[in-house]
$ cat start_5.csv   # CSV, C-alpha atoms
chain,number,residue,atom,x,y,z
A,245,MET,CA,40.9,107.0,111.8
A,246,THR,CA,43.6,106.8,109.2
A,247,PHE,CA,44.9,108.6,106.1
A,248,PHE,CA,44.0,107.0,102.8
A,249,GLY,CA,46.8,107.7,100.2
A,250,THR,CA,49.3,105.0,99.5
A,251,THR,CA,52.3,107.3,99.3
A,252,ILE,CA,53.3,110.7,100.5
A,253,GLY,CA,53.9,113.2,97.7
A,254,PRO,CA,51.3,113.9,95.0
A,255,LEU,CA,48.6,112.0,97.0
A,256,ARG,CA,49.1,113.6,100.4
A,257,ARG,CA,46.6,116.4,99.9
A,258,ARG,CA,43.9,114.0,98.7
A,259,ALA,CA,44.6,111.7,101.7
A,260,PHE,CA,44.3,114.7,104.0
A,261,GLN,CA,41.0,115.8,102.5
A,262,THR,CA,39.5,112.3,102.8
A,263,ALA,CA,40.5,112.2,106.4
A,264,VAL,CA,38.8,115.5,107.1
A,265,LEU,CA,35.6,114.2,105.3
A,266,LEU,CA,35.7,111.2,107.6
A,267,VAL,CA,35.9,113.4,110.7
A,268,LEU,CA,33.0,115.5,109.5
A,269,LEU,CA,30.8,112.5,108.9
A,270,LEU,CA,31.7,111.0,112.3
A,271,LEU,CA,31.0,114.3,114.1
A,272,ALA,CA,27.6,114.6,112.3
A,273,GLY,CA,26.6,111.1,113.1
A,274,LEU,CA,27.8,110.4,116.6
A,275,PRO,CA,26.3,111.5,119.9
A,276,ASP,CA,28.1,114.2,121.9
A,277,GLY,CA,29.1,112.1,124.9
A,278,ARG,CA,30.3,115.0,127.0
A,279,CYS,CA,31.9,114.1,130.3
A,280,GLY,CA,29.2,115.7,132.4
A,281,GLU,CA,26.6,113.6,130.7
A,282,VAL,CA,28.4,110.2,130.9
A,283,ARG,CA,27.3,108.3,133.9
A,284,GLY,CA,27.7,104.8,135.4
A,285,GLU,CA,27.4,103.1,138.8
A,286,THR,CA,30.8,102.1,140.2
A,287,SER,CA,32.6,102.1,143.5
A,288,TRP,CA,36.0,102.8,141.9
A,289,HIS,CA,37.7,105.4,139.7
A,290,ILE,CA,40.9,105.5,137.7
A,291,GLU,CA,43.7,108.0,138.1
A,292,ALA,CA,45.9,108.4,135.0
A,293,GLU,CA,48.8,110.6,133.8
A,294,ARG,CA,50.9,110.9,130.7
A,295,TRP,CA,54.0,108.6,130.6
A,296,PRO,CA,56.6,110.2,128.3
A,297,ALA,CA,59.3,107.5,129.2
A,298,ALA,CA,57.0,104.9,127.6
A,299,GLU,CA,56.4,106.9,124.5
A,300,ALA,CA,60.1,107.0,123.6
A,301,ILE,CA,60.0,103.4,122.3
A,302,PHE,CA,57.8,104.5,119.4
A,303,ARG,CA,60.5,106.9,118.2
A,304,SER,CA,63.4,104.4,118.4
A,305,ASP,CA,63.5,103.6,114.7
A,306,PRO,CA,64.3,106.7,112.5
A,307,ARG,CA,62.5,105.0,109.5
A,308,TRP,CA,59.2,104.6,111.3
A,309,LEU,CA,57.7,108.1,111.7
A,310,GLY,CA,54.3,107.4,113.2
A,311,GLY,CA,51.3,105.1,112.9
A,312,ASP,CA,47.6,104.9,113.6
A,313,GLY,CA,45.6,102.7,116.0
A,314,ALA,CA,48.2,101.1,118.2
A,315,SER,CA,46.7,97.8,119.3
A,316,SER,CA,48.8,95.4,121.4
A,317,VAL,CA,48.9,91.6,121.6
A,318,ASP,CA,50.8,89.6,124.3
A,319,LEU,CA,53.0,87.1,122.3
A,320,GLY,CA,54.4,85.6,125.5
A,321,GLY,CA,58.1,85.1,126.2
A,322,ASN,CA,58.6,88.8,127.1
A,323,ARG,CA,57.4,90.0,123.7
A,324,VAL,CA,54.5,92.3,122.7
A,325,LEU,CA,53.1,92.7,119.2
A,326,TRP,CA,51.9,96.2,118.2
A,327,LEU,CA,49.5,96.6,115.2
A,328,PHE,CA,49.3,100.0,113.4
A,329,GLY,CA,47.1,101.3,110.7
A,330,ASP,CA,48.3,103.8,108.1
A,331,SER,CA,52.0,104.3,108.9
A,332,PHE,CA,54.8,106.7,107.7
A,333,VAL,CA,57.9,104.8,106.6
A,334,ALA,CA,60.9,106.8,105.6
A,335,PRO,CA,63.9,105.8,103.5
A,336,ALA,CA,67.0,105.2,105.5
A,337,GLY,CA,68.5,108.5,106.6
A,338,ILE,CA,65.5,110.6,105.8
A,339,SER,CA,63.4,111.4,108.9
A,340,ASP,CA,60.9,113.4,107.0
A,341,ARG,CA,57.2,112.5,106.6
A,342,LYS,CA,56.9,114.5,103.4
A,343,SER,CA,59.4,112.1,101.8
A,344,SER,CA,58.0,109.0,103.4
A,345,ALA,CA,55.8,106.2,102.1
A,346,LEU,CA,52.4,105.9,103.7
A,347,VAL,CA,51.7,102.2,104.0
A,348,ARG,CA,48.3,100.8,104.9
A,349,ASN,CA,49.6,99.0,108.0
A,350,SER,CA,52.7,98.1,109.9
A,351,ILE,CA,53.7,96.2,113.0
A,352,ALA,CA,56.3,96.2,115.7
A,353,VAL,CA,57.6,93.6,118.2
A,354,GLN,CA,58.4,95.0,121.7
A,355,THR,CA,60.9,92.9,123.7
A,356,GLY,CA,60.3,93.5,127.4
A,357,TYR,CA,56.9,94.2,129.0
A,358,ASP,CA,57.9,97.6,130.5
A,359,PRO,CA,57.8,100.0,127.5
A,360,ALA,CA,60.1,102.5,129.3
A,361,LEU,CA,62.8,99.8,129.4
A,362,ALA,CA,62.0,97.6,126.4
A,363,SER,CA,63.3,97.6,122.8
A,364,MET,CA,61.2,97.7,119.7
A,365,ALA,CA,61.7,96.3,116.2
A,366,PHE,CA,59.3,97.7,113.5
A,367,ALA,CA,58.3,95.8,110.4
A,368,TRP,CA,56.7,96.3,107.0
A,369,LYS,CA,57.2,94.7,103.6
A,370,THR,CA,59.1,96.0,100.7
A,371,GLU,CA,58.5,95.7,97.0
A,372,PRO,CA,60.6,97.1,94.1
A,373,GLY,CA,58.6,100.3,94.3
A,374,GLY,CA,59.3,100.8,98.0
A,375,PRO,CA,57.7,100.0,101.4
A,376,VAL,CA,54.2,98.4,101.4
A,377,ALA,CA,51.9,97.2,104.2
A,378,PHE,CA,53.0,94.2,106.4
A,379,PHE,CA,49.5,92.7,105.8
A,380,HIS,CA,49.7,93.5,102.1
A,381,LYS,CA,46.8,92.9,99.8
A,382,LYS,CA,47.0,93.4,96.1
A,383,GLY,CA,43.9,94.9,94.3
A,384,GLU,CA,41.6,97.7,95.2
A,385,THR,CA,40.9,96.7,98.8
A,386,TRP,CA,43.2,96.9,101.8
A,387,TYR,CA,43.5,96.0,105.4
A,388,TRP,CA,43.7,97.9,108.7
A,389,PRO,CA,44.5,95.8,111.8
A,390,SER,CA,41.9,95.4,114.5
A,391,SER,CA,43.2,93.0,117.1
A,392,GLY,CA,45.0,89.7,117.7
A,393,ILE,CA,45.4,86.8,120.2
A,394,MET,CA,47.8,83.9,120.8
A,395,LEU,CA,46.2,80.5,120.4
A,396,GLY,CA,48.7,78.0,121.7
A,397,ARG,CA,51.9,78.7,119.7
A,398,SER,CA,50.1,80.4,116.8
A,399,LEU,CA,49.0,84.0,116.4
A,400,LEU,CA,45.6,85.0,115.0
A,401,VAL,CA,45.2,88.6,113.7
A,402,PHE,CA,41.9,90.2,112.8
A,403,LEU,CA,41.9,92.8,110.1
A,404,MET,CA,39.1,95.1,108.8
A,405,GLU,CA,38.8,95.1,105.0
A,406,ILE,CA,38.3,98.5,103.3
A,407,ARG,CA,37.3,99.2,99.7
A,408,PRO,CA,36.9,102.3,97.5
A,409,ALA,CA,33.4,103.6,97.3
A,410,GLU,CA,31.5,106.3,95.5
A,411,ASN,CA,30.6,108.3,98.6
A,412,ALA,CA,31.9,111.5,100.3
A,413,LEU,CA,34.8,109.5,101.8
A,414,GLY,CA,35.8,107.5,98.8
A,415,PHE,CA,36.0,104.3,100.9
A,416,GLU,CA,33.9,102.0,103.1
A,417,SER,CA,34.4,98.9,105.2
A,418,CYS,CA,33.4,95.7,103.6
A,419,GLY,CA,34.0,93.1,106.2
A,420,TRP,CA,36.9,91.4,107.9
A,421,LYS,CA,39.8,89.0,107.3
A,422,ALA,CA,41.9,86.8,109.6
A,423,ALA,CA,45.6,86.1,109.3
A,424,TRP,CA,47.2,83.0,110.9
A,425,VAL,CA,50.9,83.1,111.8
A,426,SER,CA,52.3,79.7,112.7
A,427,ASN,CA,55.7,80.9,114.0
A,428,PRO,CA,55.2,84.2,115.8
A,429,GLY,CA,58.3,83.4,117.9
A,430,ASP,CA,60.5,84.1,114.9
A,431,PRO,CA,61.3,87.6,113.6
A,432,PRO,CA,58.4,89.0,111.6
A,433,ASP,CA,60.3,88.9,108.3
A,434,ARG,CA,60.3,85.1,108.7
A,435,TRP,CA,56.6,84.7,109.7
A,436,ARG,CA,54.7,82.0,107.9
A,437,MET,CA,51.3,83.6,107.3
A,438,THR,CA,48.1,82.0,106.0
A,439,TRP,CA,44.9,83.9,105.1
A,440,LEU,CA,42.0,82.1,106.8
A,441,ILE,CA,38.5,81.6,105.4
A,442,SER,CA,36.6,84.4,107.1
A,443,PRO,CA,32.8,84.1,106.6
A,444,GLN,CA,31.1,87.5,106.2
A,445,TYR,CA,27.8,88.6,107.6
A,446,ARG,CA,26.1,91.8,106.5
A,447,GLU,CA,29.6,93.3,106.1
A,448,LEU,CA,30.0,93.5,109.9
A,449,VAL,CA,33.7,93.9,110.9
A,450,ALA,CA,34.5,91.0,113.2
A,451,GLY,CA,37.6,91.3,115.5
A,452,VAL,CA,37.2,94.9,116.7
A,453,GLY,CA,37.8,95.3,120.5
A,454,SER,CA,39.6,92.3,121.9
A,455,PRO,CA,39.5,88.5,121.3
A,456,ILE,CA,38.9,86.6,124.5
A,457,LEU,CA,38.8,82.9,125.3
A,458,GLU,CA,35.7,82.4,127.4
A,459,ASN,CA,33.6,79.3,128.3
A,460,GLY,CA,35.2,77.1,125.7
A,461,PHE,CA,34.9,79.7,122.9
A,462,LEU,CA,37.0,82.3,121.2
A,463,GLN,CA,34.8,85.4,121.5
A,464,THR,CA,35.3,88.8,119.9
A,465,PHE,CA,33.3,91.9,119.0
A,466,ALA,CA,32.1,93.1,115.6
A,467,ALA,CA,31.2,96.6,114.5
A,468,ASP,CA,28.8,98.1,112.0
A,469,GLY,CA,30.9,100.6,110.0
A,470,SER,CA,28.0,103.0,109.8
A,471,ASP,CA,27.3,103.7,113.5
A,472,ARG,CA,28.5,102.9,117.0
A,473,THR,CA,26.7,99.6,117.4
A,474,ILE,CA,28.8,96.6,118.6
A,475,TYR,CA,27.9,92.9,118.3
A,476,LEU,CA,29.4,89.7,119.7
A,477,VAL,CA,30.6,86.7,117.7
A,478,ARG,CA,32.3,83.4,118.7
A,479,TRP,CA,33.8,80.2,117.5
A,480,PRO,CA,34.5,76.9,119.4
A,481,GLU,CA,37.9,77.2,121.0
A,482,ALA,CA,39.1,73.9,119.5
A,483,ALA,CA,38.2,75.1,116.0
A,484,ALA,CA,39.9,78.5,116.6
A,485,ARG,CA,43.1,76.8,117.9
A,486,ALA,CA,43.1,74.8,114.6
A,487,GLY,CA,42.9,78.0,112.6
A,488,THR,CA,39.3,77.3,111.5
A,489,LEU,CA,36.8,80.2,111.6
A,490,THR,CA,34.3,78.8,109.1
A,491,ALA,CA,31.2,78.6,111.4
A,492,PRO,CA,30.8,81.8,113.5
A,493,GLN,CA,28.0,82.1,116.0
A,494,TRP,CA,26.4,85.5,116.7
A,495,TRP,CA,24.8,86.6,120.0
A,496,THR,CA,21.1,87.2,119.3
A,497,GLY,CA,19.9,88.1,122.7
A,498,ALA,CA,19.2,86.6,126.1
A,499,VAL,CA,16.1,84.7,124.9
A,500,SER,CA,17.4,83.3,121.6
A,501,GLY,CA,21.1,83.0,122.6
A,502,TRP,CA,23.7,82.2,119.9
A,503,ALA,CA,22.9,81.4,116.3
A,504,GLY,CA,24.8,81.0,113.0
A,505,GLY,CA,24.9,83.9,110.7
A,506,GLU,CA,22.8,82.0,108.1
A,507,ASP,CA,19.8,82.0,110.6
A,508,ASP,CA,17.9,85.1,109.5
A,509,THR,CA,15.2,84.4,112.0
A,510,ARG,CA,17.6,85.2,114.9
A,511,PRO,CA,19.7,88.2,113.7
A,512,PRO,CA,22.5,89.5,115.9
A,513,ARG,CA,21.5,91.9,118.6
A,514,PRO,CA,23.8,94.7,119.9
A,515,VAL,CA,25.7,94.2,123.1
A,516,PHE,CA,26.3,98.0,123.4
A,517,THR,CA,25.5,101.0,121.2
A,518,ASP,CA,28.1,103.6,122.4
A,519,GLY,CA,31.2,101.8,120.9
A,520,GLN,CA,34.0,102.9,118.6
A,521,MET,CA,35.8,101.0,115.9
A,522,GLU,CA,38.8,100.9,118.2
A,523,PHE,CA,38.5,99.9,121.9
A,524,THR,CA,39.7,97.1,124.2
A,525,VAL,CA,37.9,94.7,126.5
A,526,VAL,CA,39.8,92.6,129.1
A,527,ARG,CA,39.1,90.7,132.3
A,528,LYS,CA,39.8,93.1,135.2
A,529,PRO,CA,38.3,91.8,138.4
A,530,PRO,CA,39.0,94.9,140.5
A,531,ALA,CA,36.7,96.8,138.2
A,532,GLY,CA,34.2,94.1,137.4
A,533,ASP,CA,34.3,90.9,135.4
A,534,PHE,CA,35.0,92.6,132.0
A,535,PHE,CA,36.5,96.1,131.6
A,536,ARG,CA,36.2,98.2,128.4
A,537,VAL,CA,38.3,101.3,127.5
A,538,GLN,CA,37.7,103.6,124.6
A,539,THR,CA,37.5,107.3,123.8
A,540,ALA,CA,34.0,108.5,124.5
A,541,SER,CA,33.4,110.3,121.2
A,542,PHE,CA,35.1,112.6,118.7
A,543,LEU,CA,33.4,115.6,120.3
A,544,ASN,CA,34.6,114.6,123.7
A,545,PRO,CA,37.6,112.3,123.3
A,546,CYS,CA,38.2,111.6,127.0
A,547,LEU,CA,39.3,108.1,127.8
A,548,ALA,CA,36.3,106.3,129.3
A,549,ALA,CA,35.8,103.0,131.1
A,550,SER,CA,32.8,100.6,131.3
A,551,THR,CA,32.2,97.2,132.9
A,552,ALA,CA,29.9,94.2,132.5
A,553,PRO,CA,29.5,90.8,134.2
A,554,CYS,CA,29.4,89.1,130.8
A,555,LEU,CA,30.7,90.0,127.4
A,556,PHE,CA,27.2,90.5,126.1
A,557,GLY,CA,26.4,92.8,129.0
A,558,PRO,CA,24.7,94.6,130.6
A,559,TRP,CA,27.5,97.2,130.1
A,560,THR,CA,27.5,100.2,132.4
A,561,THR,CA,27.6,103.6,130.9
A,562,ALA,CA,31.2,104.7,130.1
A,563,ILE,CA,32.7,107.0,132.7
A,564,CYS,CA,35.5,109.4,131.6
A,565,PHE,CA,38.7,109.0,133.6
A,566,PHE,CA,41.3,111.1,131.6
A,567,SER,CA,40.7,114.2,129.5
A,568,PRO,CA,43.7,114.6,127.1
A,569,PRO,CA,45.3,118.1,127.5
A,570,GLU,CA,45.1,118.4,123.7
A,571,GLN,CA,41.4,118.2,123.8
A,572,GLY,CA,39.7,121.4,122.6
A,573,ASN,CA,42.3,122.3,120.0
A,574,PRO,CA,40.2,122.6,116.7
A,575,GLU,CA,43.2,121.3,114.6
A,576,LEU,CA,43.6,118.1,116.6
A,577,LEU,CA,41.7,114.8,116.5
A,578,ILE,CA,42.0,112.4,119.5
A,579,TYR,CA,40.8,108.8,119.3
A,580,ALA,CA,41.7,105.1,119.7
A,581,GLY,CA,41.7,105.0,123.4
A,582,LYS,CA,43.0,101.5,124.6
A,583,PHE,CA,44.1,99.6,127.6
A,584,HIS,CA,47.2,97.4,127.4
A,585,PRO,CA,47.0,94.8,130.2
A,586,MET,CA,50.2,93.0,129.5
A,587,LEU,CA,52.4,96.1,129.9
A,588,ARG,CA,54.4,96.7,133.1
A,589,GLY,CA,56.0,99.7,134.7
A,590,ALA,CA,52.6,100.9,136.0
A,591,ASP,CA,49.4,99.3,137.5
A,592,MET,CA,47.6,100.1,134.3
A,593,VAL,CA,48.8,101.3,130.9
A,594,PHE,CA,46.6,103.1,128.3
A,595,SER,CA,47.2,104.8,125.0
A,596,TYR,CA,45.5,107.1,122.5
A,597,VAL,CA,46.3,108.7,119.1
A,598,ILE,CA,46.5,112.4,118.1
A,599,ASN,CA,45.9,113.3,114.5
A,600,THR,CA,45.2,116.6,112.9
A,601,THR,CA,42.9,118.3,110.4
A,602,SER,CA,45.9,120.4,109.1
A,603,ALA,CA,47.9,118.6,106.3
A,604,ASP,CA,50.9,120.9,106.9
A,605,ARG,CA,50.9,120.2,110.6
A,606,LEU,CA,50.7,116.4,110.0
A,607,PHE,CA,53.9,116.5,108.0
A,608,SER,CA,55.8,118.9,110.1
A,609,ASP,CA,54.7,118.2,113.7
A,610,MET,CA,56.6,115.2,115.0
A,611,THR,CA,54.9,115.4,118.4
A,612,ILE,CA,51.7,113.9,116.9
A,613,TYR,CA,50.7,110.7,115.1
A,614,PHE,CA,52.7,108.6,117.6
A,615,PRO,CA,50.9,106.7,120.4
A,616,VAL,CA,50.4,108.7,123.5
A,617,MET,CA,51.0,106.6,126.6
A,618,LEU,CA,49.4,106.9,130.0
A,619,LYS,CA,50.0,105.1,133.3
A,620,GLY,CA,47.2,104.8,135.8
A,621,ARG,CA,45.7,102.8,138.6
A,622,ILE,CA,42.3,101.9,140.0
A,623,VAL,CA,41.7,103.8,143.2
A,624,LYS,CA,38.7,101.9,144.5
A,625,GLN,CA,37.4,98.4,143.9
A,626,SER,CA,34.0,96.9,143.2
A,627,ALA,CA,32.8,93.4,144.0
A,628,PRO,CA,33.2,91.0,141.1
A,629,GLY,CA,30.0,89.7,139.4
A,630,GLY,CA,29.3,86.5,137.7
A,631,CYS,CA,28.1,85.1,134.4
A,632,LYS,CA,26.6,81.6,133.8
A,633,HIS,CA,26.2,81.9,130.0

$ encode --input "start_5.csv" --output "structure tokens"
Amino acid sequence: MTFFGTTIGPLRRRAFQTAVLLVLLLLAGLPDGRCGEVRGETSWHIEAERWPAAEAIFRSDPRWLGGDGASSVDLGGNRVLWLFGDSFVAPAGISDRKSSALVRNSIAVQTGYDPALASMAFAWKTEPGGPVAFFHKKGETWYWPSSGIMLGRSLLVFLMEIRPAENALGFESCGWKAAWVSNPGDPPDRWRMTWLISPQYRELVAGVGSPILENGFLQTFAADGSDRTIYLVRWPEAAARAGTLTAPQWWTGAVSGWAGGEDDTRPPRPVFTDGQMEFTVVRKPPAGDFFRVQTASFLNPCLAASTAPCLFGPWTTAICFFSPPEQGNPELLIYAGKFHPMLRGADMVFSYVINTTSADRLFSDMTIYFPVMLKGRIVKQSAPGGCKH
């Protein structure tokens, strides 16, 4: 969920109205997912609580006044990359969202794995007219970050591409794009970035969730922007490490296996149907072979967890483990629940985002639109499963 103006000022009301339309559409089209109706079979549960000391890092630069999404990538060497969607960037010395630019995306590099003790350097790009997105794209379409992964010494970042549309929202997803950074160990203003050939298939957004190296392949999830259906796509690991994503293979089911997108006789089959555009999947043996975290739905934005023995499933029904105290406030929107496995200072670290349906509150309430951090732990363990595919 993001706001859709390019600057704050004359466009801020239109941006706000578009965001509200998005919410109304999502609420109308998504299942309720109330906690009492979410079930799964596990022998463990998660305990989580808010972690204010970890949240302070996102307020360490007076120019960066909040951002959407908050995905993390382990860069290695005690560094973590944060990817944000629409972000408020203020001129130096003006800590006021009303006077800020609203750029389509921004990033930050955290030094130190414990966010309560680490430092953070935020980054975006600047043109003569002011701040612009870090992953900047000229023309009518723009990018919102999805996920990323280190492949050897290089960084691969997946982005969803968005375009204007003649619908109630004024925009729609139109596929995905991948960016290749050959020197992520340098400061971001010196990154050498290449846009990779990114083959499209039915405008599915590849790169949502989390990229994972598994069984000799780079595998990641793909979303249909019109519903909660999630698919699985992969590339040979050797090709991915060379920055080549030209021949994706899609999971088409247990019988037909993997197929190229050009094979219409074996179309992709969903791996789960209760997803979100923003979630994480990681290996977490204490909770099963693969572990997924997301917010359950916009009507019940609890943080929920699910497991599976294989990336293509079968996935257990998501179980709520943390209900945000802000839940139930009709002005607030809660989404983008994620797990950050590389972070330290707690057994498990999670985040979510708080937005609002009130334009005035968005610009005046500096307690929202920053990542909310949680620390948690698994109280009980389940036996690990196995996967031969």

$ residues_around --input "start_5.csv" --residues "Leu327 (chain A)" --least-positions-apart "3" --cutoff "8 Å" --atoms "all atoms listed in the file" --output "CSV table (one decimal) with C-alpha atoms, in the coordinates of the input"
chain,number,residue,atom,x,y,z
A,313,GLY,CA,45.6,102.7,116.0
A,314,ALA,CA,48.2,101.1,118.2
A,315,SER,CA,46.7,97.8,119.3
A,316,SER,CA,48.8,95.4,121.4
A,349,ASN,CA,49.6,99.0,108.0
A,350,SER,CA,52.7,98.1,109.9
A,351,ILE,CA,53.7,96.2,113.0
A,352,ALA,CA,56.3,96.2,115.7
A,389,PRO,CA,44.5,95.8,111.8
A,390,SER,CA,41.9,95.4,114.5
A,391,SER,CA,43.2,93.0,117.1

$ closest_residue --input "start_5.csv" --among "A:Gly329, A:Gly429, A:Gly505, A:Gly414" --to "Gln444 (chain A)" --atoms "all atoms listed in the file"
A:Gly505

$ closest_residue --input "start_5.csv" --among "A:Thr539, A:Gly310, A:Pro375, A:Arg446" --to "Asp508 (chain A)" --atoms "all atoms listed in the file"
A:Arg446

$ residues_around --input "start_5.csv" --residues "Val597 (chain A)" --least-positions-apart "6" --cutoff "7 Å" --atoms "all atoms listed in the file" --output "PyMOL selection string"
chain A and resi 312-313+578-580+613-616

$ atom_distance --input "start_5.csv" --atom1 "CA of Gln493 (chain A)" --atom2 "CA of Phe523 (chain A)"
21.5 Å

$ atom_distance --input "start_5.csv" --atom1 "CA of Thr464 (chain A)" --atom2 "CA of Leu403 (chain A)"
12.5 Å

$ closest_residue --input "start_5.csv" --among "A:Trp495, A:Phe378, A:Trp295, A:Trp308" --to "Ile474 (chain A)" --atoms "all atoms listed in the file"
A:Trp495

$ closest_residue --input "start_5.csv" --among "A:Ile406, A:Ile338, A:Met437, A:Val526" --to "Glu458 (chain A)" --atoms "all atoms listed in the file"
A:Val526
